[in-house]
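J.: Please see the structure below; I have some questions.
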Amino acid sequence: MYAGGGSGEVARGLAQVDVSPIPGKAGWLMRNALADRLGAAGNPSPSPRYRLDVRLDDSLEGLGLINDDTIGRERRTLRARYQLVDMQDGSILLDATAGSDAGIDVVSSEYATIAAEQTALENLTRDVADHIVTRVALALRGKE
């Protein structure tokens, strides 16, 4: 897929993808993760040909009640619906979803629990960004 390294067809295509702004903290993390991965493929294009639109759904739910009816475990889920749009003709080259989830132990220290929730979000963002970039690369490979 990455034949030719940074000068290959797919790498040049990935460098021509612009990521639209994504609202919220999770959106900021996702946009940065995507930009890092797309930029690693080559030099970003000053006039991108493709636009990547991403909508996120970040949820945190409590699981596992312990003896005193407090939550002992949480699950953080990050889902992304994304579209790769060819800006030359407005056609949608890829319309897909990606997601991941993580379990978090709720401990007696509120600070430690918040830190674990934040770390889970950062890790989930990287996982989902990797999945999205792989699918975009496959879509661009098929187009070239």
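Chain labels follow the order of the structure tokens: the first chain is A, the next B, and so on; residue numbering restarts at 1 in every chain, and ligands are counted from 1 in their shown order.
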What's the 8 Å shell around Ala33 in chain A, counting only C-alpha atoms, without same-chain residues fewer than 2 positions away, as a list in words?

T.: Leu29, Met30, Arg31, Ala35, Asp36, Arg37, Thr125, Arg126 and Ala129 of chain A

J.: Show which residues sit within 9 Å of Glu61 in chain A, as a list of chain:residue names. Count only C-alpha atoms, and ignore same-chain residues fewer than 5 positions away.

T.: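 Returned residues: A:Arg73, A:Glu74, A:Arg75, A:Arg76, A:Thr77.
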
J.: Could you please take those selected residues and save C-alpha atoms as a PDB file, in the first residue's frame?

T.:
```pdb
ATOM      1  CA  ARG A  73     -15.902   0.557  36.839  1.00  0.00           C
ATOM      2  CA  GLU A  74     -16.563   2.808  33.849  1.00  0.00           C
ATOM      3  CA  ARG A  75     -16.493   2.284  30.114  1.00  0.00           C
ATOM      4  CA  ARG A  76     -15.448   5.088  27.799  1.00  0.00           C
ATOM      5  CA  THR A  77     -16.547   4.694  24.186  1.00  0.00           C
TER       6      THR A  77
END
```

J.: Write out as JSON, numbers by chain the set of residues from range 26-100 of chain A that DSSP, computed on the backbone, places in strand (DSSP E).

T.: {"A": [50, 51, 52, 53, 54, 55, 56, 57, 58, 59, 60, 61, 62, 63, 64, 65, 71, 72, 73, 74, 75, 76, 77, 78, 79, 80, 81, 82, 83, 84, 85, 86, 92, 93, 94, 95, 96, 97, 98, 99, 100]}

J.: Could you name the residues that touch Asp18 in chain A at 8 Å or less, counting only C-alpha atoms, but leaving out those on the same chain fewer than 3 positions away, as a list in words?

T.: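 Residues near the query, excluding close chain neighbours: Ala35, Pro48, Arg49, Tyr50, Arg51 and Leu52 of chain A.
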
J.: Write the residues you've just listed into a file as a PDB file, in the first residue's frame, and include N, CA and C atoms for each of them.

T.:
```
ATOM      1  N   ALA A  35      -4.110  14.741  11.871  1.00  0.00           N
ATOM      2  CA  ALA A  35      -3.148  15.597  11.166  1.00  0.00           C
ATOM      3  C   ALA A  35      -1.733  15.043  11.295  1.00  0.00           C
ATOM      4  N   PRO A  48      -5.121  21.385  -0.473  1.00  0.00           N
ATOM      5  CA  PRO A  48      -5.541  19.975  -0.391  1.00  0.00           C
ATOM      6  C   PRO A  48      -6.643  19.644  -1.387  1.00  0.00           C
ATOM      7  N   ARG A  49      -6.613  18.416  -1.850  1.00  0.00           N
ATOM      8  CA  ARG A  49      -7.630  17.940  -2.795  1.00  0.00           C
ATOM      9  C   ARG A  49      -8.802  17.294  -2.065  1.00  0.00           C
ATOM     10  N   TYR A  50      -8.541  16.713  -0.895  1.00  0.00           N
ATOM     11  CA  TYR A  50      -9.565  15.972  -0.166  1.00  0.00           C
ATOM     12  C   TYR A  50      -9.841  16.643   1.175  1.00  0.00           C
ATOM     13  N   ARG A  51     -11.057  16.444   1.650  1.00  0.00           N
ATOM     14  CA  ARG A  51     -11.450  16.939   2.971  1.00  0.00           C
ATOM     15  C   ARG A  51     -11.983  15.758   3.769  1.00  0.00           C
ATOM     16  N   LEU A  52     -11.536  15.646   5.003  1.00  0.00           N
ATOM     17  CA  LEU A  52     -11.999  14.596   5.889  1.00  0.00           C
ATOM     18  C   LEU A  52     -12.896  15.235   6.942  1.00  0.00           C
TER      19      LEU A  52
END
```

J.: Considering only C-alpha atoms, can you say which of A:Gly103, A:Asp127, A:Val54, A:Asn67 comes closest to Val85 in chain A?

T.: A:Val54

J.: Rank A:Asp53, A:Glu9, A:Glu117, A:Asp130 by their smallest atom-to-atom distance to Met87 in chain A, using only C-alpha atoms, and report the top residue only.

T.: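 Nearest candidate to Met87 in chain A out of A:Asp53, A:Glu9, A:Glu117, A:Asp130: A:Asp53.
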
J.: Find, counting only C-alpha atoms, the residue in A:Asp105, A:Ala139, A:Gly39, A:Gly24 that gets nearest to Gly72 in chain A.

T.: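 Nearest candidate to Gly72 in chain A out of A:Asp105, A:Ala139, A:Gly39, A:Gly24: A:Asp105.
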